[in-house]
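Engineer: Handing over final.cif, mmCIF, C-alpha atoms.
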```cif
data_input
loop_
_atom_site.group_PDB
_atom_site.id
_atom_site.type_symbol
_atom_site.label_atom_id
_atom_site.label_comp_id
_atom_site.auth_asym_id
_atom_site.auth_seq_id
_atom_site.Cartn_x
_atom_site.Cartn_y
_atom_site.Cartn_z
ATOM 1 C CA MET A 167 5.372 -7.724 -48.490
ATOM 2 C CA ILE A 168 2.533 -6.499 -46.257
ATOM 3 C CA LYS A 169 0.415 -3.722 -47.627
ATOM 4 C CA LYS A 170 -0.051 -0.802 -45.247
ATOM 5 C CA GLU A 171 -3.291 1.017 -44.653
ATOM 6 C CA ALA A 172 -3.545 4.303 -46.506
ATOM 7 C CA PRO A 173 -2.287 7.109 -44.287
ATOM 8 C CA GLN A 174 -4.387 10.120 -43.343
ATOM 9 C CA ASN A 175 -4.701 12.947 -45.827
ATOM 10 C CA GLY A 176 -1.966 15.556 -45.897
ATOM 11 C CA THR A 177 0.933 16.264 -48.206
ATOM 12 C CA ALA A 178 3.561 15.887 -45.488
ATOM 13 C CA THR A 179 2.011 12.669 -44.166
ATOM 14 C CA ARG A 180 1.969 11.134 -47.638
ATOM 15 C CA ALA A 181 5.527 12.266 -48.366
ATOM 16 C CA PHE A 182 6.855 10.726 -45.147
ATOM 17 C CA ALA A 183 4.985 7.483 -45.856
ATOM 18 C CA VAL A 184 6.612 7.325 -49.303
ATOM 19 C CA LEU A 185 10.046 8.204 -47.882
ATOM 20 C CA GLU A 186 9.746 5.432 -45.291
ATOM 21 C CA VAL A 187 8.992 2.862 -48.002
ATOM 22 C CA ILE A 188 11.881 4.069 -50.166
ATOM 23 C CA LEU A 189 14.310 3.894 -47.245
ATOM 24 C CA LYS A 190 13.213 0.375 -46.319
ATOM 25 C CA ASN A 191 12.734 -1.096 -49.788
ATOM 26 C CA GLY A 192 14.637 1.029 -52.273
ATOM 27 C CA PRO A 193 15.442 0.964 -55.084
ATOM 28 C CA ILE A 194 11.688 0.687 -55.561
ATOM 29 C CA LYS A 195 9.358 1.650 -58.398
ATOM 30 C CA PRO A 196 6.339 3.944 -57.930
ATOM 31 C CA LYS A 197 3.898 1.107 -58.616
ATOM 32 C CA GLN A 198 5.332 -0.879 -55.708
ATOM 33 C CA ILE A 199 5.209 2.203 -53.479
ATOM 34 C CA CYS A 200 1.500 2.486 -54.261
ATOM 35 C CA GLU A 201 0.992 -1.138 -53.220
ATOM 36 C CA LEU A 202 2.904 -0.775 -49.949
ATOM 37 C CA THR A 203 1.436 2.559 -48.855
ATOM 38 C CA GLY A 204 -2.114 2.224 -50.145
ATOM 39 C CA LEU A 205 -1.742 5.605 -51.842
ATOM 40 C CA GLY A 206 -2.928 6.384 -55.349
ATOM 41 C CA ARG A 207 -0.591 6.810 -58.323
ATOM 42 C CA THR A 208 -0.928 10.618 -58.400
ATOM 43 C CA ALA A 209 -0.269 10.996 -54.669
ATOM 44 C CA VAL A 210 2.841 8.805 -54.882
ATOM 45 C CA HIS A 211 4.278 10.688 -57.862
ATOM 46 C CA ARG A 212 3.641 14.044 -56.176
ATOM 47 C CA SER A 213 5.367 12.801 -53.022
ATOM 48 C CA ILE A 214 8.354 11.534 -55.002
ATOM 49 C CA HIS A 215 8.571 14.899 -56.781
ATOM 50 C CA LEU A 216 8.465 16.748 -53.425
ATOM 51 C CA LEU A 217 11.152 14.523 -51.915
ATOM 52 C CA ALA A 218 13.312 14.877 -55.010
ATOM 53 C CA GLU A 219 13.009 18.686 -54.822
ATOM 54 C CA GLN A 220 14.384 18.489 -51.260
ATOM 55 C CA GLY A 221 17.258 16.372 -52.544
ATOM 56 C CA TRP A 222 16.351 13.375 -50.348
ATOM 57 C CA VAL A 223 15.479 10.892 -53.109
ATOM 58 C CA ARG A 224 16.040 10.474 -56.815
ATOM 59 C CA THR A 225 15.139 8.012 -59.544
ATOM 60 C CA GLN A 226 17.683 5.615 -60.956
ATOM 61 C CA LEU A 227 18.804 5.664 -64.558
ATOM 62 C CA GLY A 228 16.963 3.304 -66.842
ATOM 63 C CA ASP A 229 14.247 1.783 -64.668
ATOM 64 C CA ARG A 230 13.229 4.986 -62.791
ATOM 65 C CA ALA A 231 13.188 3.191 -59.454
ATOM 66 C CA CYS A 232 13.382 5.487 -56.411
ATOM 67 C CA ILE A 233 16.352 5.516 -54.069
ATOM 68 C CA ALA A 234 17.512 7.727 -51.188
ATOM 69 C CA THR A 235 20.340 10.129 -52.020
ATOM 70 C CA TYR A 236 23.700 10.703 -50.384
ATOM 71 C CA GLN A 237 22.352 14.028 -49.103
ATOM 72 C CA PHE A 238 19.751 12.194 -47.035
ATOM 73 C CA ASP A 239 22.373 9.754 -45.790
ATOM 74 C CA GLN A 240 24.522 12.672 -44.608
ATOM 75 C CA LEU A 241 21.503 14.307 -42.996
ATOM 76 C CA ALA A 242 20.829 11.119 -41.056
ATOM 77 C CA ALA A 243 24.482 10.722 -40.113
ATOM 78 C CA ASP A 244 24.632 14.239 -38.665
ATOM 79 C CA ALA A 245 21.362 13.941 -36.750
ATOM 80 C CA ASN A 246 21.096 13.185 -33.042
ATOM 81 C CA PHE A 247 19.315 9.908 -32.400
ATOM 82 C CA SER A 248 18.019 8.435 -29.173
ATOM 83 C CA GLN A 249 19.285 5.047 -28.057
ATOM 84 C CA PRO A 250 16.980 2.053 -28.726
ATOM 85 C CA VAL A 251 16.492 1.494 -24.985
ATOM 86 C CA GLN A 252 15.703 5.186 -24.556
ATOM 87 C CA ASP A 253 12.869 4.829 -27.063
ATOM 88 C CA GLN A 254 11.474 1.947 -25.009
ATOM 89 C CA ILE A 255 11.700 3.755 -21.688
ATOM 90 C CA HIS A 256 10.355 7.112 -22.863
ATOM 91 C CA PRO A 257 6.587 6.461 -23.247
ATOM 92 C CA ILE A 258 6.210 4.422 -20.061
ATOM 93 C CA LEU A 259 8.322 6.815 -17.987
ATOM 94 C CA LYS A 260 6.262 9.734 -19.274
ATOM 95 C CA GLU A 261 3.011 7.932 -18.464
ATOM 96 C CA LEU A 262 4.047 6.964 -14.934
ATOM 97 C CA CYS A 263 5.554 10.349 -14.085
ATOM 98 C CA THR A 264 2.420 12.150 -15.265
ATOM 99 C CA ALA A 265 0.139 9.832 -13.262
ATOM 100 C CA HIS A 266 2.157 10.123 -10.032
ATOM 101 C CA TYR A 267 3.341 13.760 -10.222
ATOM 102 C CA LEU A 268 7.011 12.878 -10.604
ATOM 103 C CA HIS A 269 9.895 13.995 -12.747
ATOM 104 C CA GLY A 270 11.892 11.350 -14.608
ATOM 105 C CA ASP A 271 15.398 11.460 -16.062
ATOM 106 C CA ILE A 272 17.227 8.974 -18.301
ATOM 107 C CA ALA A 273 21.015 8.685 -18.129
ATOM 108 C CA PHE A 274 23.614 6.489 -19.847
ATOM 109 C CA LEU A 275 27.161 5.446 -19.093
ATOM 110 C CA PHE A 276 29.039 6.072 -22.336
ATOM 111 C CA SER A 277 32.505 4.975 -23.377
ATOM 112 C CA GLY A 278 35.313 6.646 -21.499
ATOM 113 C CA GLY A 279 33.371 6.636 -18.247
ATOM 114 C CA ASN A 280 31.162 9.614 -19.067
ATOM 115 C CA ILE A 281 27.699 9.539 -17.511
ATOM 116 C CA LYS A 282 25.220 11.882 -19.148
ATOM 117 C CA LEU A 283 21.563 12.740 -18.878
ATOM 118 C CA VAL A 284 19.955 12.276 -22.270
ATOM 119 C CA GLU A 285 16.339 13.119 -21.495
ATOM 120 C CA SER A 286 14.164 14.541 -18.721
ATOM 121 C CA THR A 287 10.505 15.314 -18.106
ATOM 122 C CA ASP A 288 11.706 18.457 -16.295
ATOM 123 C CA SER A 289 12.225 21.275 -18.793
ATOM 124 C CA LYS A 290 14.322 23.167 -16.212
ATOM 125 C CA ILE A 291 16.984 20.455 -16.150
ATOM 126 C CA ASP A 292 20.077 21.136 -18.241
ATOM 127 C CA ILE A 293 20.881 17.718 -19.678
ATOM 128 C CA LYS A 294 24.233 19.021 -20.918
ATOM 129 C CA GLN A 295 25.583 19.293 -17.385
ATOM 130 C CA PRO A 296 28.084 16.508 -16.557
ATOM 131 C CA ILE A 297 27.275 13.939 -13.873
ATOM 132 C CA SER A 298 29.826 13.178 -11.178
ATOM 133 C CA LEU A 299 31.312 9.709 -11.362
ATOM 134 C CA VAL A 300 31.464 9.641 -7.568
ATOM 135 C CA SER A 301 28.728 11.542 -5.789
ATOM 136 C CA SER A 302 25.668 11.265 -8.013
ATOM 137 C CA ASP A 303 22.862 8.849 -7.096
ATOM 138 C CA ILE A 304 22.659 7.995 -10.801
ATOM 139 C CA THR A 305 26.281 6.849 -10.755
ATOM 140 C CA ILE A 306 25.789 4.861 -7.544
ATOM 141 C CA ALA A 307 22.806 3.069 -9.086
ATOM 142 C CA ILE A 308 24.740 2.140 -12.231
ATOM 143 C CA PHE A 309 27.775 0.991 -10.237
ATOM 144 C CA SER A 310 25.517 -1.204 -8.093
ATOM 145 C CA ILE A 311 25.061 -3.637 -11.007
ATOM 146 C CA MET A 312 28.616 -3.508 -12.306
ATOM 147 C CA LYS A 313 31.470 -5.841 -11.473
ATOM 148 C CA PRO A 314 34.101 -4.542 -9.031
ATOM 149 C CA GLU A 315 36.831 -4.598 -11.681
ATOM 150 C CA GLN A 316 34.704 -2.446 -13.981
ATOM 151 C CA ILE A 317 34.139 0.097 -11.219
ATOM 152 C CA THR A 318 37.843 0.155 -10.348
ATOM 153 C CA ARG A 319 38.824 0.744 -13.980
ATOM 154 C CA LEU A 320 36.351 3.605 -14.447
ATOM 155 C CA SER A 321 37.228 5.186 -11.097
ATOM 156 C CA THR A 322 40.937 5.064 -11.863
ATOM 157 C CA ILE A 323 40.437 6.777 -15.207
ATOM 158 C CA ALA A 324 38.119 9.379 -13.699
ATOM 159 C CA MET A 325 40.471 10.220 -10.809
ATOM 160 C CA LYS A 326 42.898 11.805 -13.267
ATOM 161 C CA SER A 327 40.493 14.689 -13.820
ATOM 162 C CA MET A 328 38.715 14.770 -10.418
ATOM 163 C CA ASP A 329 39.149 17.392 -7.748
ATOM 164 C CA LYS A 330 40.650 16.429 -4.385
ATOM 165 C CA GLU A 331 37.282 16.074 -2.620
ATOM 166 C CA GLU A 332 35.912 13.616 -5.178
ATOM 167 C CA SER A 333 39.135 11.612 -5.242
ATOM 168 C CA GLN A 334 38.998 11.336 -1.454
ATOM 169 C CA GLU A 335 35.514 9.840 -1.709
ATOM 170 C CA ILE A 336 37.022 6.937 -3.654
ATOM 171 C CA VAL A 337 40.173 6.550 -1.582
ATOM 172 C CA SER A 338 38.333 6.675 1.752
ATOM 173 C CA GLY A 339 35.906 3.942 0.708
ATOM 174 C CA GLY A 340 32.890 6.266 0.683
ATOM 175 C CA LEU A 341 31.998 5.320 -2.877
ATOM 176 C CA ALA A 342 32.197 1.603 -2.057
ATOM 177 C CA LYS A 343 29.885 2.051 0.959
ATOM 178 C CA SER A 344 27.339 3.893 -1.154
ATOM 179 C CA ILE A 345 27.367 1.122 -3.753
ATOM 180 C CA VAL A 346 26.922 -1.602 -1.119
ATOM 181 C CA LYS A 347 23.989 0.347 0.379
ATOM 182 C CA ALA A 348 22.325 0.630 -3.031
ATOM 183 C CA ARG A 349 22.690 -3.110 -3.568
ATOM 184 C CA ARG A 350 21.076 -3.809 -0.209
ATOM 185 C CA GLU A 351 18.208 -1.538 -1.264
ATOM 186 C CA GLY A 352 17.590 -3.694 -4.333
ATOM 187 C CA ASN A 353 19.910 -1.709 -6.635
ATOM 188 C CA MET A 354 18.135 1.532 -5.780
ATOM 189 C CA ALA A 355 20.138 4.643 -4.908
ATOM 190 C CA TRP A 356 18.201 7.072 -2.713
ATOM 191 C CA ALA A 357 19.023 10.773 -2.245
ATOM 192 C CA TYR A 358 17.733 13.968 -0.620
ATOM 193 C CA ASN A 359 15.685 12.475 2.203
ATOM 194 C CA ASP A 360 14.260 9.778 -0.031
ATOM 195 C CA SER A 361 12.702 12.288 -2.433
ATOM 196 C CA ILE A 362 14.849 10.993 -5.318
ATOM 197 C CA VAL A 363 15.679 7.455 -6.381
ATOM 198 C CA SER A 364 17.717 6.055 -9.267
ATOM 199 C CA ILE A 365 17.333 2.545 -10.664
ATOM 200 C CA PRO A 366 19.911 1.050 -13.039
ATOM 201 C CA PHE A 367 19.581 -0.971 -16.219
ATOM 202 C CA TYR A 368 21.820 -3.043 -18.437
ATOM 203 C CA ASP A 369 19.877 -3.965 -21.523
ATOM 204 C CA LYS A 370 20.377 -6.077 -24.630
ATOM 205 C CA THR A 371 22.223 -3.251 -26.385
ATOM 206 C CA GLN A 372 24.890 -3.688 -23.666
ATOM 207 C CA LEU A 373 24.498 -0.153 -22.380
ATOM 208 C CA TYR A 374 24.565 0.679 -18.702
ATOM 209 C CA GLY A 375 22.240 3.418 -17.583
ATOM 210 C CA ALA A 376 19.762 4.564 -14.978
ATOM 211 C CA VAL A 377 16.356 6.136 -14.633
ATOM 212 C CA ARG A 378 16.085 8.752 -11.908
ATOM 213 C CA LEU A 379 12.688 9.478 -10.383
ATOM 214 C CA ARG A 380 12.121 12.722 -8.488
ATOM 215 C CA GLN A 381 9.199 14.060 -6.477
ATOM 216 C CA LYS A 382 7.726 17.281 -7.825
ATOM 217 C CA TYR A 383 6.313 18.112 -4.418
ATOM 218 C CA ALA A 384 7.401 16.870 -0.992
ATOM 219 C CA SER A 385 5.058 14.176 0.326
ATOM 220 C CA SER A 386 4.898 11.898 3.340
ATOM 221 C CA THR A 387 4.241 8.991 0.980
ATOM 222 C CA GLY A 388 7.059 9.986 -1.383
ATOM 223 C CA ARG A 389 9.253 6.950 -0.837
ATOM 224 C CA GLN A 390 6.291 4.629 -1.266
ATOM 225 C CA THR A 391 5.297 6.315 -4.545
ATOM 226 C CA LEU A 392 8.838 6.269 -5.906
ATOM 227 C CA THR A 393 9.249 2.606 -4.970
ATOM 228 C CA TYR A 394 5.978 1.735 -6.695
ATOM 229 C CA VAL A 395 6.841 3.613 -9.909
ATOM 230 C CA ALA A 396 10.316 2.044 -9.950
ATOM 231 C CA SER A 397 8.795 -1.423 -9.608
ATOM 232 C CA GLU A 398 6.313 -0.662 -12.397
ATOM 233 C CA LEU A 399 9.122 0.398 -14.709
ATOM 234 C CA ARG A 400 10.985 -2.823 -14.003
ATOM 235 C CA LYS A 401 7.866 -4.923 -14.459
ATOM 236 C CA ARG A 402 6.746 -3.310 -17.696
ATOM 237 C CA LEU A 403 10.221 -3.106 -19.216
ATOM 238 C CA LYS A 404 11.687 -6.479 -18.357
ATOM 239 C CA ASP A 405 13.877 -6.476 -21.469
ATOM 240 C CA VAL A 406 15.486 -3.241 -20.323
ATOM 241 C CA PHE A 407 15.718 -3.840 -16.589
ATOM 242 C CA GLU A 408 16.705 -7.451 -17.008
ATOM 243 C CA SER A 409 18.168 -9.222 -14.002
ATOM 244 C CA VAL A 410 21.883 -8.870 -13.485
ATOM 245 C CA GLU A 411 23.960 -11.401 -11.581
ATOM 246 C CA ASP A 412 24.119 -10.397 -7.921
ATOM 247 C CA ILE A 413 27.555 -8.994 -7.194
ATOM 248 C CA HIS A 414 29.042 -8.334 -3.759
ATOM 249 C CA PHE A 415 32.221 -6.655 -2.659
ATOM 250 C CA ARG A 416 34.664 -9.004 -1.017
#
```
For the structure just supplied, provide its representation as structure tokens.
Structural biologist:
Amino acid sequence: MIKKEAPQNGTATRAFAVLEVILKNGPIKPKQICELTGLGRTAVHRSIHLLAEQGWVRTQLGDRACIATYQFDQLAADANFSQPVQDQIHPILKELCTAHYLHGDIAFLFSGGNIKLVESTDSKIDIKQPISLVSSDITIAIFSIMKPEQITRLSTIAMKSMDKEESQEIVSGGLAKSIVKARREGNMAWAYNDSIVSIPFYDKTQLYGAVRLRQKYASSTGRQTLTYVASELRKRLKDVFESVEDIHFR
């Protein structure tokens, strides 16, 4: 086991360091927690006492080793967690959007054909709003890396709850044309006079999704900036934006 450096001073910081060790290594005795965290005996015992008061950990009968409680397990089960790929995208998207005055959104295609925004740099965006499975540039980007049979299956399911206008977009071939255009653009779906672009991903967690980049302010070099930031995302997150077999409609 690798010994960690002692964390900075602070009751909460020490308590979280102890909790992390218990979650990863429990049941674990206080002496071992001291070795793994670099904290002193008194600090570890105080942290254990604090965590036990909250009902998150307890000591086992007999050997007094520390273990997480069912209450903590339930707390974790009820919490909202980000997807692993979302955690990878977040810091780089934030960095690039800040540097180039853009807004960035992250969306996923979940089971049942639901596409949802899960995070955005724009505080005004309501991420709870549903995304159209037909007309959104995010959807077009995701569909551009999917197999035709997958698109057909999702579209068929979605048509049951679509309004007439959206259904017509599928039946008339408008959706197919948009997907083909995105593929020709290098799997990039442009919208609103090239002020918005969405790029898709299909990562190792087998989740389809897309990152949407939006200009904060209209600019004559907007498309160039968006293209550059999109290419940087793909370059710096190769594991996320890994290459997908080129697919064409027949």
Engineer: On this structure, which residues satisfy the PyMOL selection byres ((chain A and resi 297-313) around 7), written as an MDAnalysis selection string?
Structural biologist: chainID A and resid 281:282 295:296 314:317 332 341 344:345 348:349 353:357 364:366 374:376 378 410 413
Engineer: Nearest to Asn359 of chain A: which of A:Leu320, A:Val223, A:Ala384, A:Ala245 is it, counting all atoms listed in the file?
Structural biologist: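 Nearest to Asn359 of chain A: A:Ala384.
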Engineer: My list of candidates is A:Trp222, A:Phe276, A:Tyr368, A:Phe238. Which is closest to Val406 of chain A when distances are computed with all atoms listed in the file?
Structural biologist: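 The answer is A:Tyr368, which sits nearest to Val406 of chain A.
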Engineer: Using all atoms listed in the file, which residue out of A:Ala178, A:Gln249, A:Lys401, A:Gly339 lies closest to Leu275 of chain A?
Structural biologist: A:Gln249
Engineer: Run the PyMOL selection byres ((chain A and resi 396-399) around 10) against the file shown and list the residues it catches, as a list in words.
Structural biologist: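 On the file shown, the PyMOL selection byres ((chain A and resi 396-399) around 10) covers Ile255, Ile258, Leu259, Leu262, Met354, Val363, Ser364, Ile365, Val377, Arg378, Leu379, Gln390, Thr391, Leu392, Thr393, Tyr394, Val395, Arg400, Lys401, Arg402, Leu403, Lys404, Val406 and Phe407 of chain A.
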Engineer: Output C-alpha atoms of each residue in that selection to a file, as a PDB file, keeping the file's coordinate frame.
Structural biologist:
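The result, written out as again-v8.pdb:
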```pdb
ATOM      1  CA  ILE A 255      11.700   3.755 -21.688  1.00  0.00           C
ATOM      2  CA  ILE A 258       6.210   4.422 -20.061  1.00  0.00           C
ATOM      3  CA  LEU A 259       8.322   6.815 -17.987  1.00  0.00           C
ATOM      4  CA  LEU A 262       4.047   6.964 -14.934  1.00  0.00           C
ATOM      5  CA  MET A 354      18.135   1.532  -5.780  1.00  0.00           C
ATOM      6  CA  VAL A 363      15.679   7.455  -6.381  1.00  0.00           C
ATOM      7  CA  SER A 364      17.717   6.055  -9.267  1.00  0.00           C
ATOM      8  CA  ILE A 365      17.333   2.545 -10.664  1.00  0.00           C
ATOM      9  CA  VAL A 377      16.356   6.136 -14.633  1.00  0.00           C
ATOM     10  CA  ARG A 378      16.085   8.752 -11.908  1.00  0.00           C
ATOM     11  CA  LEU A 379      12.688   9.478 -10.383  1.00  0.00           C
ATOM     12  CA  GLN A 390       6.291   4.629  -1.266  1.00  0.00           C
ATOM     13  CA  THR A 391       5.297   6.315  -4.545  1.00  0.00           C
ATOM     14  CA  LEU A 392       8.838   6.269  -5.906  1.00  0.00           C
ATOM     15  CA  THR A 393       9.249   2.606  -4.970  1.00  0.00           C
ATOM     16  CA  TYR A 394       5.978   1.735  -6.695  1.00  0.00           C
ATOM     17  CA  VAL A 395       6.841   3.613  -9.909  1.00  0.00           C
ATOM     18  CA  ARG A 400      10.985  -2.823 -14.003  1.00  0.00           C
ATOM     19  CA  LYS A 401       7.866  -4.923 -14.459  1.00  0.00           C
ATOM     20  CA  ARG A 402       6.746  -3.310 -17.696  1.00  0.00           C
ATOM     21  CA  LEU A 403      10.221  -3.106 -19.216  1.00  0.00           C
ATOM     22  CA  LYS A 404      11.687  -6.479 -18.357  1.00  0.00           C
ATOM     23  CA  VAL A 406      15.486  -3.241 -20.323  1.00  0.00           C
ATOM     24  CA  PHE A 407      15.718  -3.840 -16.589  1.00  0.00           C
TER      25      PHE A 407
END
```
Engineer: Just want the 7 Å neighbourhood of Ala183 of chain A, counted on only C-alpha atoms, with same-chain residues fewer than 4 positions away dropped. Output as a CSV table (one decimal) with C-alpha atoms, in the coordinates of the input.
Structural biologist:
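The resulting file, part.csv, is reproduced below:
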```
chain,number,residue,atom,x,y,z
A,179,THR,CA,2.0,12.7,-44.2
A,187,VAL,CA,9.0,2.9,-48.0
A,203,THR,CA,1.4,2.6,-48.9
```
Engineer: As an exercise, work out the distance from atom CA of Ile194 of chain A to atom CA of Leu227 of chain A in Å and give it to one decimal place.
Structural biologist: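 Computing the Euclidean distance for atom CA of Ile194 of chain A and atom CA of Leu227 of chain A yields 12.5 Å.
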Engineer: Just give me the gap between atom CA of Val284 of chain A and atom CA of Ile272 of chain A in Å, one decimal is fine.
Structural biologist: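 Here the two named atoms are 5.8 Å from each other.
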Engineer: Return as JSON the box centre and box size in Å, one decimal, for an axis-aligned box around all listed atoms of segment 256-269 of chain A padded by 4 Å per side.
Structural biologist:
```
{"center_x": 5.2, "center_y": 9.2, "center_z": -16.6, "size_x": 18.2, "size_y": 17.6, "size_z": 21.2}
```
Engineer: Go through the shown structure with the PyMOL selection byres ((chain A and resi 195-197) around 9) and write out the matching residues as a PDB file with C-alpha atoms, in the frame of the given file.
Structural biologist:
```pdb
ATOM      1  CA  ILE A 188      11.881   4.069 -50.166  1.00  0.00           C
ATOM      2  CA  GLY A 192      14.637   1.029 -52.273  1.00  0.00           C
ATOM      3  CA  PRO A 193      15.442   0.964 -55.084  1.00  0.00           C
ATOM      4  CA  ILE A 194      11.688   0.687 -55.561  1.00  0.00           C
ATOM      5  CA  GLN A 198       5.332  -0.879 -55.708  1.00  0.00           C
ATOM      6  CA  ILE A 199       5.209   2.203 -53.479  1.00  0.00           C
ATOM      7  CA  CYS A 200       1.500   2.486 -54.261  1.00  0.00           C
ATOM      8  CA  GLU A 201       0.992  -1.138 -53.220  1.00  0.00           C
ATOM      9  CA  LEU A 202       2.904  -0.775 -49.949  1.00  0.00           C
ATOM     10  CA  ARG A 207      -0.591   6.810 -58.323  1.00  0.00           C
ATOM     11  CA  VAL A 210       2.841   8.805 -54.882  1.00  0.00           C
ATOM     12  CA  HIS A 211       4.278  10.688 -57.862  1.00  0.00           C
ATOM     13  CA  ILE A 214       8.354  11.534 -55.002  1.00  0.00           C
ATOM     14  CA  THR A 225      15.139   8.012 -59.544  1.00  0.00           C
ATOM     15  CA  ASP A 229      14.247   1.783 -64.668  1.00  0.00           C
ATOM     16  CA  ARG A 230      13.229   4.986 -62.791  1.00  0.00           C
ATOM     17  CA  ALA A 231      13.188   3.191 -59.454  1.00  0.00           C
ATOM     18  CA  CYS A 232      13.382   5.487 -56.411  1.00  0.00           C
TER      19      CYS A 232
END
```
Engineer: Skip Glu285 of chain A itself and residues of its chain fewer than 2 positions away, then list as a PyMOL selection string all residues within 10 Å of it, counting all atoms listed in the file.
Structural biologist: chain A and resi 248+252+256+270-274+282-283+287-289+291-294+377
Engineer: Those residues with C-alpha atoms, as a tab-separated table (two decimals), in the coordinates of the input please?
Structural biologist:
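Dumped everything to again-v2.tsv:
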```
chain	number	residue	atom	x	y	z
A	248	SER	CA	18.02	8.44	-29.17
A	252	GLN	CA	15.70	5.19	-24.56
A	256	HIS	CA	10.36	7.11	-22.86
A	270	GLY	CA	11.89	11.35	-14.61
A	271	ASP	CA	15.40	11.46	-16.06
A	272	ILE	CA	17.23	8.97	-18.30
A	273	ALA	CA	21.02	8.68	-18.13
A	274	PHE	CA	23.61	6.49	-19.85
A	282	LYS	CA	25.22	11.88	-19.15
A	283	LEU	CA	21.56	12.74	-18.88
A	287	THR	CA	10.50	15.31	-18.11
A	288	ASP	CA	11.71	18.46	-16.30
A	289	SER	CA	12.22	21.28	-18.79
A	291	ILE	CA	16.98	20.45	-16.15
A	292	ASP	CA	20.08	21.14	-18.24
A	293	ILE	CA	20.88	17.72	-19.68
A	294	LYS	CA	24.23	19.02	-20.92
A	377	VAL	CA	16.36	6.14	-14.63
```
